[in-house]
>>> print(open('entry07.cif').read())   # mmCIF, C-alpha atoms
data_structure
#
loop_
_atom_site.label_atom_id
_atom_site.label_comp_id
_atom_site.auth_asym_id
_atom_site.auth_seq_id
_atom_site.Cartn_x
_atom_site.Cartn_y
_atom_site.Cartn_z
CA MET A 1 107.84 99.29 135.06
CA LYS A 2 108.33 95.54 135.02
CA THR A 3 111.42 94.16 133.27
CA LEU A 4 111.61 90.56 132.09
CA GLU A 5 114.20 88.48 130.31
CA ALA A 6 113.92 86.00 127.46
CA VAL A 7 116.18 84.13 125.06
CA VAL A 8 116.07 84.22 121.26
CA GLU A 9 115.58 80.57 120.28
CA ALA A 10 115.29 81.26 116.56
CA VAL A 11 115.51 84.07 114.00
CA LEU A 12 113.47 83.41 110.86
CA ILE A 13 112.77 85.04 107.52
CA GLY A 14 109.78 84.74 105.20
CA ASP A 15 111.42 85.10 101.81
CA HIS A 16 109.68 82.45 99.75
CA PRO A 17 107.66 84.14 97.02
CA GLU A 18 104.76 81.71 97.26
CA SER A 19 104.63 80.74 100.92
CA PHE A 20 104.31 82.53 104.24
CA ILE A 21 106.34 79.74 105.92
CA THR A 22 109.57 81.11 107.37
CA ARG A 23 113.05 79.57 107.55
CA ARG A 24 115.79 79.88 110.17
CA LEU A 25 118.74 82.23 109.98
CA GLU A 26 121.69 82.36 112.34
CA GLU A 27 121.33 86.11 112.49
CA ALA A 28 119.62 89.02 110.78
CA THR A 29 120.39 92.70 110.53
CA LEU A 30 117.21 94.62 111.25
CA GLU A 31 116.62 97.88 109.43
CA PHE A 32 113.85 100.39 109.95
CA GLY A 33 111.06 98.36 108.34
CA GLY A 34 112.10 94.92 109.57
CA ILE A 35 114.21 92.11 108.07
CA PRO A 36 115.33 92.99 104.53
CA GLY A 37 113.92 90.42 102.11
CA ASP A 38 111.12 89.37 104.45
CA ARG A 39 107.59 89.49 103.07
CA HIS A 40 106.56 91.92 105.82
CA PHE A 41 109.52 94.28 105.35
CA GLY A 42 108.84 97.98 104.89
CA MET A 43 108.27 101.25 106.73
CA THR A 44 104.97 101.26 104.86
CA ILE A 45 102.99 98.38 103.41
CA ALA A 46 99.82 97.78 101.41
CA SER A 47 96.73 97.39 103.59
CA ASN A 48 94.91 94.06 103.43
CA SER A 49 91.88 92.42 105.01
CA ARG A 50 93.36 93.07 108.46
CA GLN A 51 92.74 96.81 107.95
CA PRO A 52 89.17 97.01 106.66
CA MET A 53 89.00 100.74 107.46
CA TYR A 54 91.16 101.41 104.38
CA PRO A 55 90.58 100.36 100.78
CA LYS A 56 92.57 97.15 100.15
CA GLY A 57 96.04 97.99 98.82
CA THR A 58 96.28 101.46 100.43
CA GLU A 59 99.83 102.40 101.45
CA ILE A 60 99.80 102.54 105.25
CA LEU A 61 102.32 102.62 108.08
CA ASN A 62 103.71 99.13 108.70
CA ARG A 63 103.34 98.12 112.33
CA ARG A 64 103.53 94.38 111.57
CA GLN A 65 107.19 94.15 110.60
CA ILE A 66 108.34 91.38 112.93
CA SER A 67 106.12 88.62 114.34
CA ILE A 68 107.18 86.83 117.50
CA LEU A 69 106.07 83.62 119.20
CA SER A 70 106.93 82.17 122.59
CA ALA A 71 108.27 78.63 122.76
CA GLU A 72 106.04 78.02 125.78
CA GLU A 73 102.89 79.02 123.92
CA CYS A 74 103.89 76.85 120.94
CA LEU A 75 104.34 73.91 123.32
CA LEU A 76 100.90 74.54 124.83
CA ILE A 77 99.32 74.54 121.37
CA ALA A 78 101.12 71.28 120.54
CA GLU A 79 99.97 69.67 123.80
CA LYS A 80 96.37 70.68 123.16
CA LEU A 81 96.62 69.01 119.75
CA SER A 82 98.59 65.97 121.00
CA LEU A 83 101.38 66.84 118.57
CA GLU A 84 105.08 66.62 119.32
CA ASN A 85 105.66 70.25 118.42
CA ILE A 86 104.41 73.34 116.69
CA LEU A 87 107.22 75.00 114.78
CA PRO A 88 107.46 78.80 114.43
CA GLU A 89 108.09 78.24 110.72
CA TRP A 90 104.55 76.96 110.28
CA LEU A 91 103.09 80.15 111.73
CA GLY A 92 105.35 82.39 109.66
CA ALA A 93 107.08 83.82 112.73
CA ASN A 94 110.29 85.89 112.58
CA LEU A 95 111.39 85.29 116.14
CA LEU A 96 110.91 82.54 118.71
CA LEU A 97 111.54 83.53 122.32
CA SER A 98 111.69 81.38 125.43
CA GLY A 99 111.47 82.44 129.05
CA TYR A 100 108.38 84.63 128.79
CA ALA A 101 105.48 82.23 128.60
CA GLU A 102 102.68 84.82 128.26
CA LEU A 103 104.20 86.68 125.31
CA THR A 104 100.83 87.10 123.58
CA GLN A 105 99.69 89.25 126.51
CA LEU A 106 102.60 91.69 126.23
CA PRO A 107 101.02 95.18 126.16
CA MET A 108 101.43 97.48 123.17
CA GLY A 109 104.27 99.91 123.61
CA SER A 110 106.44 97.36 125.46
CA ARG A 111 110.04 97.17 124.28
CA ILE A 112 112.28 94.21 123.47
CA LEU A 113 115.94 95.20 123.79
CA PHE A 114 118.83 93.14 122.45
CA PRO A 115 122.30 93.00 124.04
CA ASN A 116 123.80 95.30 121.36
CA GLY A 117 121.08 97.92 121.79
CA THR A 118 118.82 96.88 118.92
CA GLY A 119 115.21 97.54 119.89
CA LEU A 120 111.73 96.39 118.92
CA ILE A 121 108.49 97.98 119.98
CA CYS A 122 105.42 95.83 120.56
CA MET A 123 102.48 96.77 118.35
CA GLY A 124 100.13 94.30 119.96
CA GLU A 125 98.69 90.84 119.76
CA ASN A 126 98.87 89.07 116.41
CA GLN A 127 95.32 88.18 115.50
CA PRO A 128 94.96 84.72 113.93
CA CYS A 129 95.12 84.08 110.23
CA VAL A 130 93.82 80.78 108.88
CA LEU A 131 96.90 79.77 106.87
CA PRO A 132 98.97 78.07 109.61
CA GLY A 133 96.12 75.67 110.35
CA LYS A 134 96.21 74.53 106.73
CA VAL A 135 99.99 74.04 106.86
CA ILE A 136 99.71 71.93 109.99
CA GLN A 137 96.84 69.95 108.47
CA ASN A 138 98.99 69.24 105.40
CA ILE A 139 101.90 68.03 107.52
CA HIS A 140 99.68 65.75 109.61
CA GLY A 141 97.43 64.65 106.77
CA SER A 142 96.02 61.63 108.59
CA ARG A 143 94.47 63.68 111.42
CA PRO A 144 90.93 64.83 110.56
CA LYS A 145 89.87 68.41 111.36
CA LEU A 146 93.32 69.42 112.60
CA ALA A 147 93.13 72.83 110.92
CA ALA A 148 90.00 73.73 112.87
CA GLN A 149 91.42 72.28 116.08
CA PHE A 150 94.54 74.37 115.62
CA VAL A 151 92.52 77.60 115.49
CA SER A 152 90.96 76.74 118.83
CA ALA A 153 94.19 75.48 120.44
CA ALA A 154 96.12 78.55 119.29
CA PHE A 155 93.53 81.07 120.50
CA LYS A 156 95.35 83.93 122.28
CA ARG A 157 98.68 82.11 121.76
CA ARG A 158 99.64 83.55 118.38
CA GLY A 159 102.20 85.94 119.82
CA ILE A 160 102.75 89.56 118.95
CA VAL A 161 103.82 91.85 116.14
CA CYS A 162 106.52 94.50 116.50
CA ALA A 163 108.11 97.36 114.62
CA VAL A 164 111.84 98.03 114.60
CA GLU A 165 112.51 100.96 116.89
CA ARG A 166 116.30 100.84 116.64
CA PRO A 167 118.02 98.87 113.87
CA GLY A 168 120.84 96.39 114.43
CA LYS A 169 121.95 92.79 114.33
CA ILE A 170 120.02 90.11 116.19
CA GLN A 171 120.98 86.49 116.53
CA GLN A 172 119.97 83.16 117.90
CA GLY A 173 121.02 82.91 121.55
CA ASP A 174 120.62 86.63 122.27
CA ARG A 175 119.33 87.29 125.75
CA VAL A 176 116.77 90.09 125.48
CA LYS A 177 115.29 92.44 128.05
CA ILE A 178 111.55 93.05 127.85
CA LEU A 179 110.37 96.37 129.25
CA VAL A 180 106.66 95.85 129.92
CA ASN A 181 104.56 98.93 129.18
CA ASP A 182 102.31 100.05 132.03
CA PHE A 183 99.30 101.97 130.71
CA SER A 184 98.91 103.80 134.02
CA ASN A 185 102.38 105.29 133.57
CA PRO A 186 103.23 104.54 129.94
CA MET A 187 106.66 104.52 128.38
CA GLN A 188 107.15 107.19 125.74
CA MET B 1 84.77 97.78 118.63
CA LYS B 2 83.47 101.12 119.86
CA THR B 3 83.33 103.98 117.34
CA LEU B 4 83.17 107.61 118.46
CA GLU B 5 83.01 110.92 116.66
CA ALA B 6 84.83 114.18 117.27
CA VAL B 7 85.43 117.51 115.53
CA VAL B 8 88.79 119.06 114.63
CA GLU B 9 88.73 122.44 116.40
CA ALA B 10 92.27 123.37 115.40
CA VAL B 11 95.23 122.18 113.34
CA LEU B 12 98.57 123.52 114.60
CA ILE B 13 102.23 123.39 113.65
CA GLY B 14 105.36 123.76 115.78
CA ASP B 15 107.73 125.43 113.35
CA HIS B 16 109.41 128.07 115.49
CA PRO B 17 113.10 127.22 115.80
CA GLU B 18 113.32 128.27 119.44
CA SER B 19 109.91 127.46 120.89
CA PHE B 20 107.72 124.41 121.22
CA ILE B 21 104.61 126.65 121.11
CA THR B 22 102.46 125.83 118.09
CA ARG B 23 100.44 128.11 115.79
CA ARG B 24 97.17 127.50 113.98
CA LEU B 25 96.84 126.48 110.34
CA GLU B 26 93.64 126.23 108.36
CA GLU B 27 94.78 122.89 107.05
CA ALA B 28 97.82 120.64 106.83
CA THR B 29 98.84 117.87 104.47
CA LEU B 30 100.08 114.98 106.56
CA GLU B 31 102.89 112.84 105.20
CA PHE B 32 104.31 109.64 106.63
CA GLY B 33 106.23 111.24 109.51
CA GLY B 34 103.70 113.93 110.42
CA ILE B 35 103.30 117.60 109.45
CA PRO B 36 106.18 118.72 107.20
CA GLY B 37 108.06 121.54 108.93
CA ASP B 38 106.83 120.57 112.40
CA ARG B 39 109.50 120.01 115.05
CA HIS B 40 108.28 116.43 115.57
CA PHE B 41 108.20 115.53 111.87
CA GLY B 42 110.01 112.39 110.72
CA MET B 43 109.62 108.66 110.25
CA THR B 44 112.58 108.45 112.61
CA ILE B 45 113.77 110.93 115.22
CA ALA B 46 116.60 111.36 117.71
CA SER B 47 115.85 109.81 121.09
CA ASN B 48 115.73 112.13 124.09
CA SER B 49 115.10 111.92 127.82
CA ARG B 50 111.71 110.31 127.14
CA GLN B 51 113.52 107.18 125.89
CA PRO B 52 116.14 106.50 128.56
CA MET B 53 116.64 102.94 127.28
CA TYR B 54 118.64 104.37 124.34
CA PRO B 55 121.67 106.67 124.40
CA LYS B 56 120.43 110.24 123.91
CA GLY B 57 120.42 111.17 120.23
CA THR B 58 119.98 107.61 118.90
CA GLU B 59 117.95 107.44 115.68
CA ILE B 60 114.72 105.64 116.60
CA LEU B 61 111.28 105.11 115.11
CA ASN B 62 109.15 108.21 115.61
CA ARG B 63 105.85 107.35 117.27
CA ARG B 64 105.29 110.91 118.56
CA GLN B 65 104.58 112.64 115.25
CA ILE B 66 101.26 114.31 116.08
CA SER B 67 100.13 115.37 119.55
CA ILE B 68 96.42 115.82 120.21
CA LEU B 69 94.45 117.47 123.01
CA SER B 70 90.73 117.47 123.76
CA ALA B 71 88.97 120.80 124.20
CA GLU B 72 87.08 119.34 127.14
CA GLU B 73 90.27 118.35 128.97
CA CYS B 74 91.78 121.79 128.29
CA LEU B 75 88.68 123.37 129.80
CA LEU B 76 88.93 121.15 132.87
CA ILE B 77 92.56 122.18 133.36
CA ALA B 78 91.56 125.86 133.03
CA GLU B 79 88.73 125.44 135.54
CA LYS B 80 91.03 123.78 138.06
CA LEU B 81 93.39 126.77 137.71
CA SER B 82 90.60 129.39 137.65
CA LEU B 83 91.82 130.57 134.26
CA GLU B 84 89.61 131.53 131.35
CA ASN B 85 91.23 129.03 129.03
CA ILE B 86 94.18 126.77 128.29
CA LEU B 87 95.17 127.05 124.66
CA PRO B 88 96.53 124.06 122.71
CA GLU B 89 99.32 126.35 121.46
CA TRP B 90 100.75 126.56 124.98
CA LEU B 91 101.04 122.78 125.21
CA GLY B 92 102.58 122.47 121.76
CA ALA B 93 99.67 120.43 120.41
CA ASN B 94 99.13 119.70 116.70
CA LEU B 95 95.40 118.99 116.91
CA LEU B 96 92.57 120.04 119.18
CA LEU B 97 89.50 117.81 119.13
CA SER B 98 86.10 118.34 120.73
CA GLY B 99 83.39 115.78 121.36
CA TYR B 100 85.54 113.10 122.99
CA ALA B 101 86.14 114.34 126.52
CA GLU B 102 88.36 111.46 127.70
CA LEU B 103 90.84 111.63 124.83
CA THR B 104 93.83 111.02 127.11
CA GLN B 105 92.42 107.57 127.90
CA LEU B 106 92.21 106.50 124.25
CA PRO B 107 93.96 103.10 124.07
CA MET B 108 97.07 102.57 121.96
CA GLY B 109 96.26 101.19 118.55
CA SER B 110 93.03 103.19 118.25
CA ARG B 111 92.53 104.96 114.94
CA ILE B 112 91.42 108.49 114.10
CA LEU B 113 89.97 108.60 110.59
CA PHE B 114 89.32 111.82 108.65
CA PRO B 115 86.49 112.28 106.11
CA ASN B 116 88.89 111.97 103.14
CA GLY B 117 90.42 108.74 104.45
CA THR B 118 93.50 110.20 106.13
CA GLY B 119 94.34 108.12 109.20
CA LEU B 120 96.23 108.47 112.47
CA ILE B 121 97.11 105.68 114.83
CA CYS B 122 97.21 106.32 118.58
CA MET B 123 100.60 105.60 120.14
CA GLY B 124 99.41 106.29 123.66
CA GLU B 125 99.14 108.88 126.36
CA ASN B 126 101.40 111.89 126.12
CA GLN B 127 103.37 111.98 129.35
CA PRO B 128 103.83 115.51 130.76
CA CYS B 129 106.77 117.71 129.99
CA VAL B 130 107.45 120.72 132.23
CA LEU B 131 107.64 123.38 129.50
CA PRO B 132 103.91 124.25 129.15
CA GLY B 133 103.71 125.11 132.85
CA LYS B 134 106.45 127.68 132.34
CA VAL B 135 104.65 129.18 129.32
CA ILE B 136 101.42 129.52 131.28
CA GLN B 137 103.30 130.99 134.24
CA ASN B 138 104.85 133.60 131.92
CA ILE B 139 101.47 134.55 130.47
CA HIS B 140 99.89 134.91 133.91
CA GLY B 141 102.92 136.43 135.61
CA SER B 142 101.03 137.74 138.64
CA ARG B 143 99.83 134.29 139.79
CA PRO B 144 102.37 132.65 142.11
CA LYS B 145 103.16 128.93 141.67
CA LEU B 146 100.99 128.56 138.56
CA ALA B 147 103.57 126.36 136.81
CA ALA B 148 103.43 123.81 139.62
CA GLN B 149 99.64 124.04 139.85
CA PHE B 150 99.41 123.41 136.11
CA VAL B 151 101.32 120.14 136.41
CA SER B 152 98.82 118.91 138.98
CA ALA B 153 95.73 120.25 137.14
CA ALA B 154 96.87 118.73 133.84
CA PHE B 155 97.65 115.28 135.28
CA LYS B 156 96.23 112.62 132.90
CA ARG B 157 94.78 115.39 130.70
CA ARG B 158 97.73 115.95 128.37
CA GLY B 159 96.16 114.07 125.50
CA ILE B 160 97.79 111.54 123.21
CA VAL B 161 100.47 111.14 120.58
CA CYS B 162 99.86 109.57 117.18
CA ALA B 163 101.71 108.45 114.08
CA VAL B 164 100.41 109.01 110.57
CA GLU B 165 99.04 105.72 109.28
CA ARG B 166 97.69 107.07 106.00
CA PRO B 167 98.80 110.48 104.67
CA GLY B 168 96.41 113.18 103.46
CA LYS B 169 94.97 116.60 104.06
CA ILE B 170 93.33 117.47 107.37
CA GLN B 171 91.55 120.69 108.21
CA GLN B 172 89.76 122.61 110.89
CA GLY B 173 86.13 121.55 111.01
CA ASP B 174 86.79 117.96 109.91
CA ARG B 175 84.51 115.48 111.61
CA VAL B 176 86.63 112.45 112.53
CA LYS B 177 85.73 108.88 113.43
CA ILE B 178 87.59 107.33 116.33
CA LEU B 179 87.87 103.54 116.26
CA VAL B 180 88.64 102.57 119.86
CA ASN B 181 91.04 99.66 120.13
CA ASP B 182 89.85 96.79 122.31
CA PHE B 183 92.78 94.82 123.74
CA SER B 184 90.63 91.70 124.12
CA ASN B 185 90.06 91.69 120.35
CA PRO B 186 92.63 94.17 119.03
CA MET B 187 92.56 95.92 115.68
CA GLN B 188 95.44 94.95 113.42
#
>>> encode(input="entry07.cif", output="structure tokens")
Amino acid sequence: MKTLEAVVEAVLIGDHPESFITRRLEEATLEFGGIPGDRHFGMTIASNSRQPMYPKGTEILNRRQISILSAEECLLIAEKLSLENILPEWLGANLLLSGYAELTQLPMGSRILFPNGTGLICMGENQPCVLPGKVIQNIHGSRPKLAAQFVSAAFKRRGIVCAVERPGKIQQGDRVKILVNDFSNPMQ
Amino acid sequence: MKTLEAVVEAVLIGDHPESFITRRLEEATLEFGGIPGDRHFGMTIASNSRQPMYPKGTEILNRRQISILSAEECLLIAEKLSLENILPEWLGANLLLSGYAELTQLPMGSRILFPNGTGLICMGENQPCVLPGKVIQNIHGSRPKLAAQFVSAAFKRRGIVCAVERPGKIQQGDRVKILVNDFSNPMQ
């Protein structure tokens, strides 16, 4: 099993009642369910258009507790759009990592372990939603068609979603270990 | 996304305090956490030797709530061992499905949907434990080295583990839909 390292560049929470945009915290104490107060917090959650196999609003297991982006992928998106940066806030991310450029490709079942033993389990690639493109378009109002360009530039660079496997405190600057799941000999 | 069908041949519970062997039920009402009374029930569970990245006994998210075997894979194991059958009870399974021969290869994130809307989410291949080999050796006491032969015959045929995504009643005879996750365009 391959083991990688990465650094927590930012911890963010989505606690605005009318916006998915997140804001930075110095630290957060993860519980089973995610970051308390975050819009995606909960061991269970109401299904939405991402789960069309269930009637909308059905209580289902929440595997999308924590969303994570890589700084390298954000930079690539920005370069493709000739922008100075793409901030994790705009995509509603909860964590920004650096040091693992291909984060979006991290296989399901991989683990992200923090120095104090806190653990996340990767529940797979975060499929695009259209809202971040609109945010970025609003910020750069003078650029035509930026929302559509963002969708293309961000394809397969939207990072991953995770569930909390072991609760605990996480903070900016944490150096995390990433245990990459190998489907031919999968972690349990 | 590929959709398959299968039939629930058996629903089983592991509720013996001193044995992992399961017994058949006509039906079970799944809750978040699994089958109430089953030894693997719980939204969280104590880590064991399968999760060496955590100190043994750490409370972690339970992704191994329901274990599932395919009748076809059980038959293949039996044939390799020249036995009449391999029962799901002996492997401690909670469900036996027929109609999807390669169940063990079902990708993580795939869904198993029951006629009434109950849903399971595949958390990956169930890595072998040594106990079933001992059970089968005990049953067929006259056959030397059967426990070791079982390990080899059952390689990559031990089925999968799932978590309950949407609670509800399941029963023998249910015809289930299997939504196969495609990592190039993953379900959310």
>>> closest_atom_pairs(input="entry07.cif", of="segment 100-170 of chain A", to="segment 182-186 of chain B", cutoff="9 Å", atoms="only C-alpha atoms", output="JSON lines")
{"residue": "A:Pro107", "atom": "CA", "partner": "B:Phe183", "partner_atom": "CA", "distance": 8.6}
{"residue": "A:Gly124", "atom": "CA", "partner": "B:Pro186", "partner_atom": "CA", "distance": 7.6}
{"residue": "A:Glu125", "atom": "CA", "partner": "B:Pro186", "partner_atom": "CA", "distance": 7.0}
{"residue": "A:Asn126", "atom": "CA", "partner": "B:Pro186", "partner_atom": "CA", "distance": 8.5}
{"residue": "A:Gln127", "atom": "CA", "partner": "B:Pro186", "partner_atom": "CA", "distance": 7.5}
>>> atom_distance(input="entry07.cif", atom1="atom CA of Leu91 of chain A", atom2="atom CA of Gly37 of chain A")
17.8 Å
>>> residues_near_point(input="entry07.cif", point="(103.2, 100.4, 99.7)", cutoff="12 Å", atoms="all atoms listed in the file", output="PyMOL selection string")
(chain A and resi 33+40-48+56-62) or (chain B and resi 32+165-166)
>>> write_last_selection(input="entry07.cif", atoms="C-alpha atoms", output="PDB file, in the frame of the given file")
ATOM      1  CA  GLY A  33     111.060  98.360 108.340  1.00  0.00           C
ATOM      2  CA  HIS A  40     106.560  91.920 105.820  1.00  0.00           C
ATOM      3  CA  PHE A  41     109.520  94.280 105.350  1.00  0.00           C
ATOM      4  CA  GLY A  42     108.840  97.980 104.890  1.00  0.00           C
ATOM      5  CA  MET A  43     108.270 101.250 106.730  1.00  0.00           C
ATOM      6  CA  THR A  44     104.970 101.260 104.860  1.00  0.00           C
ATOM      7  CA  ILE A  45     102.990  98.380 103.410  1.00  0.00           C
ATOM      8  CA  ALA A  46      99.820  97.780 101.410  1.00  0.00           C
ATOM      9  CA  SER A  47      96.730  97.390 103.590  1.00  0.00           C
ATOM     10  CA  ASN A  48      94.910  94.060 103.430  1.00  0.00           C
ATOM     11  CA  LYS A  56      92.570  97.150 100.150  1.00  0.00           C
ATOM     12  CA  GLY A  57      96.040  97.990  98.820  1.00  0.00           C
ATOM     13  CA  THR A  58      96.280 101.460 100.430  1.00  0.00           C
ATOM     14  CA  GLU A  59      99.830 102.400 101.450  1.00  0.00           C
ATOM     15  CA  ILE A  60      99.800 102.540 105.250  1.00  0.00           C
ATOM     16  CA  LEU A  61     102.320 102.620 108.080  1.00  0.00           C
ATOM     17  CA  ASN A  62     103.710  99.130 108.700  1.00  0.00           C
TER      18      ASN A  62
ATOM     19  CA  PHE B  32     104.310 109.640 106.630  1.00  0.00           C
ATOM     20  CA  GLU B 165      99.040 105.720 109.280  1.00  0.00           C
ATOM     21  CA  ARG B 166      97.690 107.070 106.000  1.00  0.00           C
TER      22      ARG B 166
END
>>> closest_residue(input="entry07.cif", among="B:Gly133, B:Gly117, B:Gly173, B:Gly14", to="chain A", atoms="all atoms listed in the file")
B:Gly117
>>> closest_residue(input="entry07.cif", among="A:Leu12, A:Ile136, A:Ile178, A:Ala93", to="chain B", atoms="only C-alpha atoms")
A:Ile178
>>> closest_residue(input="entry07.cif", among="A:Arg158, A:Arg63, A:His16, A:Arg23", to="chain B", atoms="all atoms listed in the file")
A:Arg63
>>> resolve_selection(input="entry07.cif", expression="the PyMOL selection byres ((chain A and resi 94) around 12)", output="short mmCIF file (atom, residue, chain, number, x, y, z; two decimals) with C-alpha atoms, in the coordinates of the input")
data_model
loop_
_atom_site.label_atom_id
_atom_site.label_comp_id
_atom_site.auth_asym_id
_atom_site.auth_seq_id
_atom_site.Cartn_x
_atom_site.Cartn_y
_atom_site.Cartn_z
CA VAL A 8 116.07 84.22 121.26
CA GLU A 9 115.58 80.57 120.28
CA ALA A 10 115.29 81.26 116.56
CA VAL A 11 115.51 84.07 114.00
CA LEU A 12 113.47 83.41 110.86
CA ILE A 13 112.77 85.04 107.52
CA GLY A 14 109.78 84.74 105.20
CA ASP A 15 111.42 85.10 101.81
CA PHE A 20 104.31 82.53 104.24
CA ILE A 21 106.34 79.74 105.92
CA THR A 22 109.57 81.11 107.37
CA ARG A 23 113.05 79.57 107.55
CA ARG A 24 115.79 79.88 110.17
CA LEU A 25 118.74 82.23 109.98
CA GLU A 26 121.69 82.36 112.34
CA GLU A 27 121.33 86.11 112.49
CA ALA A 28 119.62 89.02 110.78
CA LEU A 30 117.21 94.62 111.25
CA GLY A 34 112.10 94.92 109.57
CA ILE A 35 114.21 92.11 108.07
CA PRO A 36 115.33 92.99 104.53
CA GLY A 37 113.92 90.42 102.11
CA ASP A 38 111.12 89.37 104.45
CA ARG A 39 107.59 89.49 103.07
CA HIS A 40 106.56 91.92 105.82
CA PHE A 41 109.52 94.28 105.35
CA ARG A 64 103.53 94.38 111.57
CA GLN A 65 107.19 94.15 110.60
CA ILE A 66 108.34 91.38 112.93
CA SER A 67 106.12 88.62 114.34
CA ILE A 68 107.18 86.83 117.50
CA LEU A 69 106.07 83.62 119.20
CA SER A 70 106.93 82.17 122.59
CA LEU A 87 107.22 75.00 114.78
CA PRO A 88 107.46 78.80 114.43
CA GLU A 89 108.09 78.24 110.72
CA TRP A 90 104.55 76.96 110.28
CA LEU A 91 103.09 80.15 111.73
CA GLY A 92 105.35 82.39 109.66
CA ALA A 93 107.08 83.82 112.73
CA LEU A 95 111.39 85.29 116.14
CA LEU A 96 110.91 82.54 118.71
CA LEU A 97 111.54 83.53 122.32
CA GLY A 159 102.20 85.94 119.82
CA ILE A 160 102.75 89.56 118.95
CA VAL A 161 103.82 91.85 116.14
CA CYS A 162 106.52 94.50 116.50
CA ALA A 163 108.11 97.36 114.62
CA ILE A 170 120.02 90.11 116.19
CA GLN A 171 120.98 86.49 116.53
CA GLN A 172 119.97 83.16 117.90
#
>>> closest_residue(input="entry07.cif", among="B:Lys169, B:Lys134, B:Lys156, B:His140", to="chain A", atoms="only C-alpha atoms")
B:Lys156
>>> closest_residue(input="entry07.cif", among="A:Val176, A:Leu113, A:Ala78, A:Ala148", to="chain B", atoms="only C-alpha atoms")
A:Leu113
>>> closest_residue(input="entry07.cif", among="A:Asn181, A:Gln137, A:Pro167, A:Pro52", to="Met123 of chain A", atoms="only C-alpha atoms")
A:Asn181
>>> atom_distance(input="entry07.cif", atom1="atom CA of Ser142 of chain A", atom2="atom CA of Ala154 of chain A")
20.0 Å
>>> atom_distance(input="entry07.cif", atom1="atom CA of Met1 of chain B", atom2="atom CA of Ser110 of chain B")
9.9 Å
>>> residues_near_point(input="entry07.cif", point="(112.8, 95.1, 134.2)", cutoff="8 Å", atoms="all atoms listed in the file", output="list in words")
Met1, Lys2, Thr3, Leu4, Glu5, Lys177, Ile178, Leu179 and Val180 of chain A
>>> resolve_selection(input="entry07.cif", expression="the PyMOL selection byres ((chain A and resi 76) around 12)", output="JSON, numbers by chain")
{"A": [69, 70, 71, 72, 73, 74, 75, 77, 78, 79, 80, 81, 82, 83, 84, 85, 86, 87, 101, 102, 150, 152, 153, 154, 155, 156, 157, 158]}
>>> write_last_selection(input="entry07.cif", atoms="C-alpha atoms", output="compact mmCIF listing (two decimals), in the coordinates of the input")
# COMPACT_ATOMS: atom_id res chain seq x y z
CA LEU A 69 106.07 83.62 119.20
CA SER A 70 106.93 82.17 122.59
CA ALA A 71 108.27 78.63 122.76
CA GLU A 72 106.04 78.02 125.78
CA GLU A 73 102.89 79.02 123.92
CA CYS A 74 103.89 76.85 120.94
CA LEU A 75 104.34 73.91 123.32
CA ILE A 77 99.32 74.54 121.37
CA ALA A 78 101.12 71.28 120.54
CA GLU A 79 99.97 69.67 123.80
CA LYS A 80 96.37 70.68 123.16
CA LEU A 81 96.62 69.01 119.75
CA SER A 82 98.59 65.97 121.00
CA LEU A 83 101.38 66.84 118.57
CA GLU A 84 105.08 66.62 119.32
CA ASN A 85 105.66 70.25 118.42
CA ILE A 86 104.41 73.34 116.69
CA LEU A 87 107.22 75.00 114.78
CA ALA A 101 105.48 82.23 128.60
CA GLU A 102 102.68 84.82 128.26
CA PHE A 150 94.54 74.37 115.62
CA SER A 152 90.96 76.74 118.83
CA ALA A 153 94.19 75.48 120.44
CA ALA A 154 96.12 78.55 119.29
CA PHE A 155 93.53 81.07 120.50
CA LYS A 156 95.35 83.93 122.28
CA ARG A 157 98.68 82.11 121.76
CA ARG A 158 99.64 83.55 118.38
>>> residues_around(input="entry07.cif", residues="Pro115 of chain B", least_positions_apart="3", cutoff="8 Å", atoms="only C-alpha atoms", output="mmCIF file with C-alpha atoms, in the frame of the given file")
data_model
loop_
_atom_site.group_PDB
_atom_site.id
_atom_site.type_symbol
_atom_site.label_atom_id
_atom_site.label_comp_id
_atom_site.auth_asym_id
_atom_site.auth_seq_id
_atom_site.Cartn_x
_atom_site.Cartn_y
_atom_site.Cartn_z
ATOM 1 C CA THR B 118 93.500 110.200 106.130
ATOM 2 C CA ASP B 174 86.790 117.960 109.910
ATOM 3 C CA ARG B 175 84.510 115.480 111.610
ATOM 4 C CA VAL B 176 86.630 112.450 112.530
#
